Every structure is written in C-alpha cells, then in structure tokens.
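Here is the file run20.cif (mmCIF, C-alpha atoms).
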```cif
data_input
loop_
_atom_site.group_PDB
_atom_site.id
_atom_site.type_symbol
_atom_site.label_atom_id
_atom_site.label_comp_id
_atom_site.auth_asym_id
_atom_site.auth_seq_id
_atom_site.Cartn_x
_atom_site.Cartn_y
_atom_site.Cartn_z
ATOM 1 C CA MET A 274 23.849 67.664 -16.785
ATOM 2 C CA ALA A 275 21.249 67.322 -19.414
ATOM 3 C CA LYS A 276 18.525 64.836 -18.823
ATOM 4 C CA GLN A 277 18.403 62.237 -21.533
ATOM 5 C CA LYS A 278 15.021 61.281 -22.742
ATOM 6 C CA ARG A 279 14.684 57.573 -23.321
ATOM 7 C CA ARG A 280 13.262 56.439 -26.563
ATOM 8 C CA PHE A 281 10.457 53.915 -26.265
ATOM 9 C CA LYS A 282 11.394 50.878 -28.282
ATOM 10 C CA GLY A 283 8.323 48.693 -28.755
ATOM 11 C CA GLY A 284 8.165 46.766 -25.457
ATOM 12 C CA GLU A 285 7.429 43.076 -25.955
ATOM 13 C CA ILE A 286 8.062 40.051 -23.822
ATOM 14 C CA PRO A 287 9.974 37.435 -25.792
ATOM 15 C CA THR A 288 7.626 34.476 -26.090
ATOM 16 C CA SER A 289 9.929 32.182 -28.044
ATOM 17 C CA SER A 290 11.482 30.770 -24.876
ATOM 18 C CA MET A 291 8.108 30.362 -23.184
ATOM 19 C CA ALA A 292 7.798 26.778 -24.459
ATOM 20 C CA ASP A 293 11.184 25.912 -23.012
ATOM 21 C CA ILE A 294 10.267 27.344 -19.625
ATOM 22 C CA ALA A 295 7.007 25.417 -19.604
ATOM 23 C CA PHE A 296 8.845 22.251 -20.616
ATOM 24 C CA LEU A 297 11.262 22.740 -17.775
ATOM 25 C CA LEU A 298 8.413 23.085 -15.292
ATOM 26 C CA LEU A 299 6.717 20.012 -16.748
ATOM 27 C CA ILE A 300 9.874 17.914 -16.458
ATOM 28 C CA PHE A 301 10.448 19.194 -12.925
ATOM 29 C CA PHE A 302 6.992 18.074 -11.835
ATOM 30 C CA LEU A 303 7.329 14.748 -13.641
ATOM 31 C CA VAL A 304 10.615 14.031 -11.903
ATOM 32 C CA THR A 305 9.702 15.188 -8.417
ATOM 33 C CA THR A 306 6.380 13.349 -8.325
ATOM 34 C CA THR A 307 7.120 10.181 -6.424
ATOM 35 C CA ILE A 308 4.573 7.461 -6.799
ATOM 36 C CA ASP A 309 5.576 5.399 -3.808
ATOM 37 C CA MET A 310 3.534 2.247 -3.916
ATOM 38 C CA ASP A 311 2.657 0.560 -0.689
ATOM 39 C CA LYS A 312 4.108 -2.865 -0.221
ATOM 40 C CA GLY A 313 3.170 -5.558 2.201
ATOM 41 C CA LEU A 314 1.942 -9.054 2.837
ATOM 42 C CA GLY A 315 -1.449 -9.645 1.302
ATOM 43 C CA MET A 316 -4.088 -11.507 3.236
ATOM 44 C CA VAL A 317 -7.756 -12.210 2.743
ATOM 45 C CA LEU A 318 -9.770 -12.504 5.924
ATOM 46 C CA PRO A 319 -12.654 -14.956 6.080
ATOM 47 C CA ALA A 320 -16.106 -13.418 6.015
ATOM 48 C CA GLU A 321 -18.010 -13.119 9.253
ATOM 49 C CA GLY A 322 -19.792 -16.330 10.158
ATOM 50 C CA GLU A 323 -17.927 -18.357 7.571
ATOM 51 C CA GLU A 324 -16.451 -20.957 9.849
ATOM 52 C CA ILE A 325 -15.818 -24.219 8.104
ATOM 53 C CA GLU A 326 -15.236 -27.494 9.821
ATOM 54 C CA ILE A 327 -11.896 -28.895 8.841
ATOM 55 C CA ASN A 328 -10.727 -32.397 9.411
ATOM 56 C CA LYS A 329 -8.414 -32.384 12.382
ATOM 57 C CA LYS A 330 -5.586 -34.120 10.584
ATOM 58 C CA ASN A 331 -5.520 -31.357 7.956
ATOM 59 C CA ILE A 332 -4.847 -28.663 10.513
ATOM 60 C CA LEU A 333 -1.363 -27.620 11.463
ATOM 61 C CA ASN A 334 -1.359 -25.385 14.486
ATOM 62 C CA CYS A 335 1.219 -22.680 14.589
ATOM 63 C CA LEU A 336 1.340 -20.948 17.935
ATOM 64 C CA ILE A 337 3.300 -17.818 18.769
ATOM 65 C CA ASN A 338 3.922 -17.019 22.395
ATOM 66 C CA SER A 339 4.587 -13.674 24.028
ATOM 67 C CA THR A 340 8.361 -14.074 23.817
ATOM 68 C CA GLY A 341 8.291 -14.743 20.088
ATOM 69 C CA ASN A 342 8.838 -18.492 20.171
ATOM 70 C CA VAL A 343 6.944 -20.597 17.669
ATOM 71 C CA LEU A 344 5.335 -23.922 18.278
ATOM 72 C CA LEU A 345 4.492 -25.742 15.064
ATOM 73 C CA GLY A 346 2.263 -28.763 15.526
ATOM 74 C CA GLY A 347 3.528 -29.319 19.049
ATOM 75 C CA GLU A 348 7.228 -28.832 18.284
ATOM 76 C CA ALA A 349 9.242 -25.720 18.949
ATOM 77 C CA VAL A 350 10.632 -24.343 15.681
ATOM 78 C CA ASP A 351 12.953 -21.468 14.971
ATOM 79 C CA ILE A 352 11.096 -18.823 12.932
ATOM 80 C CA ARG A 353 13.876 -18.856 10.322
ATOM 81 C CA ASN A 354 13.388 -22.572 9.671
ATOM 82 C CA LEU A 355 9.618 -22.352 9.575
ATOM 83 C CA ALA A 356 9.359 -22.128 5.776
ATOM 84 C CA LYS A 357 11.412 -25.287 5.313
ATOM 85 C CA THR A 358 9.411 -27.287 7.828
ATOM 86 C CA VAL A 359 6.072 -26.086 6.503
ATOM 87 C CA ARG A 360 7.083 -26.873 2.936
ATOM 88 C CA GLN A 361 7.848 -30.447 3.937
ATOM 89 C CA LYS A 362 4.538 -30.767 5.723
ATOM 90 C CA ILE A 363 2.615 -29.404 2.742
ATOM 91 C CA ALA A 364 4.415 -31.862 0.470
ATOM 92 C CA GLN A 365 3.083 -34.664 2.660
ATOM 93 C CA ASN A 366 -0.455 -33.300 2.810
ATOM 94 C CA ASP A 367 -1.568 -30.756 0.217
ATOM 95 C CA LYS A 368 -4.845 -30.082 1.987
ATOM 96 C CA LEU A 369 -3.005 -28.779 5.013
ATOM 97 C CA VAL A 370 -4.444 -25.658 6.616
ATOM 98 C CA ILE A 371 -2.030 -23.733 8.787
ATOM 99 C CA SER A 372 -3.763 -22.125 11.692
ATOM 100 C CA VAL A 373 -1.759 -19.256 13.109
ATOM 101 C CA LYS A 374 -2.577 -18.313 16.638
ATOM 102 C CA ALA A 375 -0.692 -15.585 18.401
ATOM 103 C CA HIS A 376 -0.714 -14.776 22.071
ATOM 104 C CA SER A 377 -2.315 -11.393 22.710
ATOM 105 C CA ALA A 378 0.906 -10.125 24.261
ATOM 106 C CA SER A 379 3.104 -11.317 21.403
ATOM 107 C CA ARG A 380 4.673 -8.810 19.098
ATOM 108 C CA TYR A 381 3.255 -7.968 15.688
ATOM 109 C CA GLU A 382 6.764 -8.272 14.259
ATOM 110 C CA ASP A 383 6.908 -11.988 15.107
ATOM 111 C CA TYR A 384 3.483 -12.520 13.606
ATOM 112 C CA VAL A 385 4.509 -10.837 10.350
ATOM 113 C CA ARG A 386 7.673 -12.945 10.278
ATOM 114 C CA VAL A 387 5.615 -16.110 10.665
ATOM 115 C CA ILE A 388 3.181 -15.068 7.919
ATOM 116 C CA ASP A 389 6.148 -14.206 5.715
ATOM 117 C CA GLN A 390 7.694 -17.634 6.317
ATOM 118 C CA LEU A 391 4.394 -19.321 5.490
ATOM 119 C CA LYS A 392 4.158 -17.310 2.272
ATOM 120 C CA GLN A 393 7.709 -18.326 1.418
ATOM 121 C CA ALA A 394 6.670 -21.944 1.860
ATOM 122 C CA ASN A 395 3.895 -21.250 -0.688
ATOM 123 C CA ALA A 396 1.238 -22.019 1.874
ATOM 124 C CA THR A 397 -2.044 -20.752 0.467
ATOM 125 C CA ARG A 398 -4.335 -22.011 3.182
ATOM 126 C CA ILE A 399 -3.510 -19.829 6.127
ATOM 127 C CA SER A 400 -6.034 -19.340 8.851
ATOM 128 C CA ILE A 401 -5.761 -16.754 11.566
ATOM 129 C CA ALA A 402 -7.156 -17.912 14.851
ATOM 130 C CA GLU A 403 -8.381 -15.365 17.358
ATOM 131 C CA SER A 404 -5.821 -14.790 20.033
ATOM 132 C CA ASP A 405 -6.891 -15.339 23.622
ATOM 133 C CA MET B 259 -5.551 20.035 -70.376
ATOM 134 C CA LYS B 260 -3.030 22.068 -68.676
ATOM 135 C CA ILE B 261 -2.116 20.964 -65.208
ATOM 136 C CA GLN B 262 -2.309 23.785 -62.836
ATOM 137 C CA ARG B 263 0.586 24.094 -60.583
ATOM 138 C CA LYS B 264 -0.369 24.712 -57.021
ATOM 139 C CA THR B 265 1.158 27.648 -55.374
ATOM 140 C CA GLN B 266 3.818 26.822 -52.842
ATOM 141 C CA LEU B 267 2.149 26.511 -49.466
ATOM 142 C CA ASP B 268 3.786 27.823 -46.379
ATOM 143 C CA SER B 269 4.711 24.529 -44.680
ATOM 144 C CA GLU B 270 5.583 25.373 -41.128
ATOM 145 C CA ILE B 271 4.210 24.075 -37.870
ATOM 146 C CA PRO B 272 2.712 26.940 -35.947
ATOM 147 C CA THR B 273 4.721 27.223 -32.763
ATOM 148 C CA ALA B 274 2.814 30.088 -31.285
ATOM 149 C CA SER B 275 0.414 27.802 -29.405
ATOM 150 C CA MET B 276 3.192 25.481 -28.226
ATOM 151 C CA PRO B 277 3.476 27.031 -24.748
ATOM 152 C CA ASP B 278 -0.267 26.718 -24.285
ATOM 153 C CA ILE B 279 -0.175 23.041 -25.149
ATOM 154 C CA ILE B 280 2.700 22.407 -22.770
ATOM 155 C CA PHE B 281 1.055 24.437 -20.033
ATOM 156 C CA MET B 282 -2.024 22.312 -20.516
ATOM 157 C CA LEU B 283 0.062 19.171 -20.051
ATOM 158 C CA LEU B 284 1.726 20.692 -17.014
ATOM 159 C CA ILE B 285 -1.583 21.576 -15.420
ATOM 160 C CA PHE B 286 -2.950 18.124 -16.248
ATOM 161 C CA PHE B 287 -0.055 16.442 -14.433
ATOM 162 C CA MET B 288 -0.253 18.837 -11.529
ATOM 163 C CA VAL B 289 -3.965 18.192 -11.102
ATOM 164 C CA THR B 290 -3.873 14.418 -11.496
ATOM 165 C CA THR B 291 -0.989 13.952 -9.073
ATOM 166 C CA VAL B 292 -2.651 12.905 -5.849
ATOM 167 C CA LEU B 293 -0.896 14.314 -2.839
ATOM 168 C CA ARG B 294 -3.439 13.114 -0.352
ATOM 169 C CA GLU B 295 -1.029 11.837 2.260
ATOM 170 C CA TYR B 296 -2.147 11.442 5.780
ATOM 171 C CA SER B 297 0.607 11.843 8.261
ATOM 172 C CA GLY B 298 -0.450 8.812 10.292
ATOM 173 C CA LEU B 299 1.431 7.789 13.389
ATOM 174 C CA PRO B 300 5.151 7.418 13.944
ATOM 175 C CA ILE B 301 5.804 3.739 13.391
ATOM 176 C CA SER B 302 8.583 1.436 12.305
ATOM 177 C CA LEU B 303 7.201 -1.170 9.971
ATOM 178 C CA PRO B 304 8.082 -4.845 10.279
ATOM 179 C CA LYS B 305 10.251 -6.472 7.640
ATOM 180 C CA ALA B 306 9.202 -9.268 5.315
ATOM 181 C CA LYS B 307 10.448 -10.938 2.152
ATOM 182 C CA ARG B 308 7.387 -12.150 0.291
ATOM 183 C CA ILE B 309 5.840 -8.778 -0.191
ATOM 184 C CA GLU B 310 3.521 -7.700 -2.929
ATOM 185 C CA LYS B 311 2.668 -4.290 -4.224
ATOM 186 C CA LEU B 312 -0.722 -2.806 -3.633
ATOM 187 C CA LYS B 313 -2.428 -2.445 -6.958
ATOM 188 C CA SER B 314 -4.122 0.881 -6.659
ATOM 189 C CA LYS B 315 -3.728 3.758 -4.282
ATOM 190 C CA ARG B 316 -7.290 4.817 -4.944
ATOM 191 C CA HIS B 317 -8.724 1.631 -3.491
ATOM 192 C CA THR B 318 -6.425 1.555 -0.501
ATOM 193 C CA SER B 319 -7.267 2.699 2.960
ATOM 194 C CA HIS B 320 -4.704 2.830 5.734
ATOM 195 C CA ILE B 321 -4.992 1.971 9.375
ATOM 196 C CA TRP B 322 -2.111 3.080 11.537
ATOM 197 C CA VAL B 323 -1.379 1.238 14.735
ATOM 198 C CA SER B 324 1.342 2.609 16.972
ATOM 199 C CA LYS B 325 3.291 0.656 19.549
ATOM 200 C CA GLU B 326 1.396 2.439 22.320
ATOM 201 C CA GLY B 327 -1.819 0.943 20.985
ATOM 202 C CA LEU B 328 -3.237 3.989 19.217
ATOM 203 C CA VAL B 329 -5.345 3.328 16.136
ATOM 204 C CA SER B 330 -5.528 6.062 13.522
ATOM 205 C CA ILE B 331 -7.520 6.222 10.307
ATOM 206 C CA GLU B 332 -7.157 9.347 8.179
ATOM 207 C CA ASP B 333 -5.559 11.226 11.069
ATOM 208 C CA LYS B 334 -8.404 10.549 13.453
ATOM 209 C CA LEU B 335 -7.861 8.378 16.484
ATOM 210 C CA TYR B 336 -10.246 5.524 17.070
ATOM 211 C CA SER B 337 -10.654 2.790 19.608
ATOM 212 C CA ALA B 338 -10.519 -0.756 18.253
ATOM 213 C CA ASP B 339 -14.340 -0.956 18.227
ATOM 214 C CA GLY B 340 -14.641 2.274 16.236
ATOM 215 C CA VAL B 341 -12.779 0.785 13.276
ATOM 216 C CA ARG B 342 -15.829 -1.169 12.205
ATOM 217 C CA HIS B 343 -18.072 1.826 11.419
ATOM 218 C CA VAL B 344 -15.398 3.710 9.504
ATOM 219 C CA MET B 345 -14.324 0.701 7.486
ATOM 220 C CA TYR B 346 -17.885 -0.374 6.812
ATOM 221 C CA GLU B 347 -18.696 2.992 5.246
ATOM 222 C CA LYS B 348 -15.525 2.832 3.178
ATOM 223 C CA ARG B 349 -16.308 -0.685 2.120
ATOM 224 C CA VAL B 350 -19.826 0.292 0.997
ATOM 225 C CA SER B 351 -18.559 3.192 -1.105
ATOM 226 C CA ASP B 352 -15.741 1.144 -2.612
ATOM 227 C CA PRO B 353 -16.218 -2.620 -3.020
ATOM 228 C CA GLN B 354 -12.615 -3.033 -4.186
ATOM 229 C CA LEU B 355 -11.270 -1.692 -0.931
ATOM 230 C CA VAL B 356 -7.956 -3.020 0.311
ATOM 231 C CA VAL B 357 -7.024 -2.196 3.878
ATOM 232 C CA SER B 358 -3.366 -1.521 4.434
ATOM 233 C CA LEU B 359 -2.462 -2.130 8.031
ATOM 234 C CA LYS B 360 0.495 0.004 8.993
ATOM 235 C CA ALA B 361 1.265 -1.353 12.400
ATOM 236 C CA ASP B 362 4.403 -0.858 14.422
ATOM 237 C CA GLU B 363 6.498 -3.988 14.771
ATOM 238 C CA ARG B 364 6.323 -3.688 18.549
ATOM 239 C CA SER B 365 2.539 -3.438 18.736
ATOM 240 C CA LYS B 366 0.737 -6.208 20.544
ATOM 241 C CA MET B 367 -1.091 -8.976 18.725
ATOM 242 C CA GLY B 368 -4.115 -8.586 20.982
ATOM 243 C CA LEU B 369 -4.913 -5.254 19.359
ATOM 244 C CA ILE B 370 -4.138 -6.509 15.847
ATOM 245 C CA SER B 371 -6.456 -9.426 16.495
ATOM 246 C CA ASP B 372 -9.195 -7.010 17.565
ATOM 247 C CA ILE B 373 -8.720 -5.096 14.329
ATOM 248 C CA HIS B 374 -8.975 -8.374 12.390
ATOM 249 C CA THR B 375 -12.303 -9.050 14.062
ATOM 250 C CA GLU B 376 -13.542 -5.525 13.386
ATOM 251 C CA LEU B 377 -12.531 -5.733 9.734
ATOM 252 C CA ARG B 378 -14.337 -9.035 9.386
ATOM 253 C CA LYS B 379 -17.447 -7.468 10.867
ATOM 254 C CA ALA B 380 -17.100 -4.503 8.511
ATOM 255 C CA ASP B 381 -16.749 -6.961 5.594
ATOM 256 C CA ALA B 382 -13.439 -5.362 4.611
ATOM 257 C CA LEU B 383 -11.659 -8.632 4.008
ATOM 258 C CA LYS B 384 -8.769 -7.702 1.768
ATOM 259 C CA LEU B 385 -5.957 -6.895 4.111
ATOM 260 C CA ASN B 386 -2.352 -6.015 3.560
ATOM 261 C CA TYR B 387 0.244 -6.021 6.310
ATOM 262 C CA SER B 388 2.385 -3.108 5.292
ATOM 263 C CA SER B 389 6.041 -4.014 5.626
ATOM 264 C CA LYS B 390 9.485 -3.139 4.437
ATOM 265 C CA THR B 391 11.626 -5.351 2.254
ATOM 266 C CA ALA B 392 13.884 -7.567 4.304
ATOM 267 C CA VAL B 393 17.443 -8.042 3.133
ATOM 268 C CA ASP B 394 19.416 -11.085 4.187
#
```
As a first step, turn the structure in this file into structure tokens.
Amino acid sequence: MAKQKRRFKGGEIPTSSMADIAFLLLIFFLVTTTIDMDKGLGMVLPAEGEEIEINKKNILNCLINSTGNVLLGGEAVDIRNLAKTVRQKIAQNDKLVISVKAHSASRYEDYVRVIDQLKQANATRISIAESD
Amino acid sequence: MKIQRKTQLDSEIPTASMPDIIFMLLIFFMVTTVLREYSGLPISLPKAKRIEKLKSKRHTSHIWVSKEGLVSIEDKLYSADGVRHVMYEKRVSDPQLVVSLKADERSKMGLISDIHTELRKADALKLNYSSKTAVD
C-alpha cells in the first residue's frame, strides 16, 4: 500500500465564530451570577450612654417570656394580634415608645415576630431593653 | 468650480476586534462579580413580613449565631465579648457599616442581647435581623 503524502493546506483557526463563543460565555456568566440580596428587619441601636428619660405614660412595655408569651402593658396578648393592639395604642398616643424586653431564655424567633408585628403597626419608636 | 467627487469609501465596521471587545466585557464581569461568601453556621432563619432589603453588600457585615450559642464572624468563632473588637475595627474602616445578624430562630435572647450590647459598645448601630419572607 502506498503511503499518501498529505498536502498542507494553509492551517488557520476560524476566528469568525470567536465573537459568538465569547458572547455565549458572557451570557452564561451574566445569567449564572446570582446577586442574592440580604433581607431582614432593620433596626438602629441607640448609641452607648444615650439613655433618655421618657415620661412613664409614654412607655408601653412589651415583655416576652421564655415560653413565647407576650405581655403588652400588663395584658397578655397573642403575638398575631400584637400589630392591631399596638396600632390602636399609637393612635391614642403618638409619642408612645414601645419597650421590648425579652427574657434571656426566650427564643429569638419570638423576638423577631414581635419586632415584625411592631413594624407592621408602623411603630417607629421601638426600644430594646436589656434582658435580665 | 468643479465639484470633486469623493471616492467611495469602504463603509464596513471592522469586526476583527469584536472578540477582544467581548472578551474584555466578559473579564470585566468576571472580575467585578464578588464571590466572597463566608460559609457561616448552619442556621434556619426566622420568618418576618415587614422585611427590607440591605442596600449594599459592600457595607454589610454578617454575624452568625447558631442555636447552640456559637457566634461566627467571617468564619471565625468568637465569644460574645469578642464581637466588640472585630466590629469596632470594621466600623472604623467603614462608617456606613450595617451589621446583618443571621441568628437561628431557636437561639436564646440572652445571647442576642449580649450581642446588642457589644454592638452598641463597638458603635455599630445599624443592625438588620436577617429573616426569610413569611407567607400567610
């Protein structure tokens, strides 16, 4: 069998499709890049040593115990009805400061639910008391 | 005066540099995409309705709190008192710092309260309780 000698035909890489390939890569990276934004309840803590005296009648105490029950101004309230109650109280007194105090053994989940309810009631003056 | 007719110009967009331009774009997007994710701690976030988005990832710093009471910042474990030094340094380098607290829903309020105190001492006052969207 005779060995055929291959003719060299000007070897060049086709560059016309290069742009398409690069575009494909670009679109792939654009699509797969997930910009997952963090979401949560915003809160601004008071600065250290910035305790202000507030008139006692403008304070509404909101206590959370270790079993997740809420006491609002001396009355036991279901967490789900907290927003409604707080909204009524704010309507009566717009200077109302809600002081949230959680028991140190209470769950963070209950605390977040309370803060969420207060935010739903459009309460802007929320104070976090140190838990015992 | 005789108006000279201009010779027909070759009107074609040069496509030879097209791949270079697109590669440049590609590299730009690849470089600017921040993939600086810390693994944090295994937690299940609490659920809330009135949630807001954090404005910028660049100015956000996370604190993970697990249900066992572990506190992690940038994959390093700290005690509650150690939070102050870390957050203070962060706060000094970035005045717009927002602290995102990623705490497990079963973690105890005593620890969260300690972190509140530490953050106040570190002057990192903008806090965000990271939570999932609650559906009725």
Specify as a PyMOL selection string each residue included when the PyMOL selection byres ((chain B) within 9 of (chain A)) is applied to this file. chain B and resi 273-281+283-285+287-288+291+303-315+358-359+361-372+374-375+377-391
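Reported to one decimal place, the separation of atom CA of B:Ile271 from atom CA of A:Pro287 is 18.9 Å.
Note that the spacing between atom CA of A:Val373 and atom CA of B:Arg342 amounts to 22.9 Å.
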Applied to the shown file, which residues does the PyMOL selection byres ((chain B and resi 335) around 12) return, written as a ChimeraX atom specification? /B:298-299,321-324,327-334,336-341,344
Test item: the PyMOL selection byres ((chain B and resi 352) around 12) resolved as a CSV table (one decimal) with C-alpha atoms, keeping the file's coordinate frame:
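Result written to out-v2.csv:
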```csv
chain,number,residue,atom,x,y,z
B,316,ARG,CA,-7.3,4.8,-4.9
B,317,HIS,CA,-8.7,1.6,-3.5
B,318,THR,CA,-6.4,1.6,-0.5
B,319,SER,CA,-7.3,2.7,3.0
B,345,MET,CA,-14.3,0.7,7.5
B,346,TYR,CA,-17.9,-0.4,6.8
B,347,GLU,CA,-18.7,3.0,5.2
B,348,LYS,CA,-15.5,2.8,3.2
B,349,ARG,CA,-16.3,-0.7,2.1
B,350,VAL,CA,-19.8,0.3,1.0
B,351,SER,CA,-18.6,3.2,-1.1
B,353,PRO,CA,-16.2,-2.6,-3.0
B,354,GLN,CA,-12.6,-3.0,-4.2
B,355,LEU,CA,-11.3,-1.7,-0.9
B,356,VAL,CA,-8.0,-3.0,0.3
B,357,VAL,CA,-7.0,-2.2,3.9
B,381,ASP,CA,-16.7,-7.0,5.6
B,382,ALA,CA,-13.4,-5.4,4.6
```
Show which residues sit within 8 Å of A:Asn342, as a PDB file with C-alpha atoms, in the frame of the given file. Count only C-alpha atoms, and ignore same-chain residues fewer than 5 positions away.
```
ATOM      1  CA  ILE A 337       3.300 -17.818  18.769  1.00  0.00           C
ATOM      2  CA  ALA A 349       9.242 -25.720  18.949  1.00  0.00           C
ATOM      3  CA  VAL A 350      10.632 -24.343  15.681  1.00  0.00           C
ATOM      4  CA  ASP A 351      12.953 -21.468  14.971  1.00  0.00           C
ATOM      5  CA  ILE A 352      11.096 -18.823  12.932  1.00  0.00           C
TER       6      ILE A 352
END
```
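For the pair atom CA of A:Leu344 and atom CA of A:Asn366, the interatomic distance is 19.0 Å.
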A:Val343, A:Ala356, A:Ile325, A:Ala364 ranked by distance to A:Ser400, top pick (using only C-alpha atoms): A:Ile325
Do you know which residues are at most 7 Å from A:Ile399 counting only C-alpha atoms, after dropping those on the same chain fewer than 3 positions away, and could you put them as a PyMOL selection string? chain A and resi 370-372+396
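With distances restricted to all atoms listed in the file, B:Lys360 is the closest residue to B:His320 from B:Lys360, B:Glu270, B:Thr290, B:His343.
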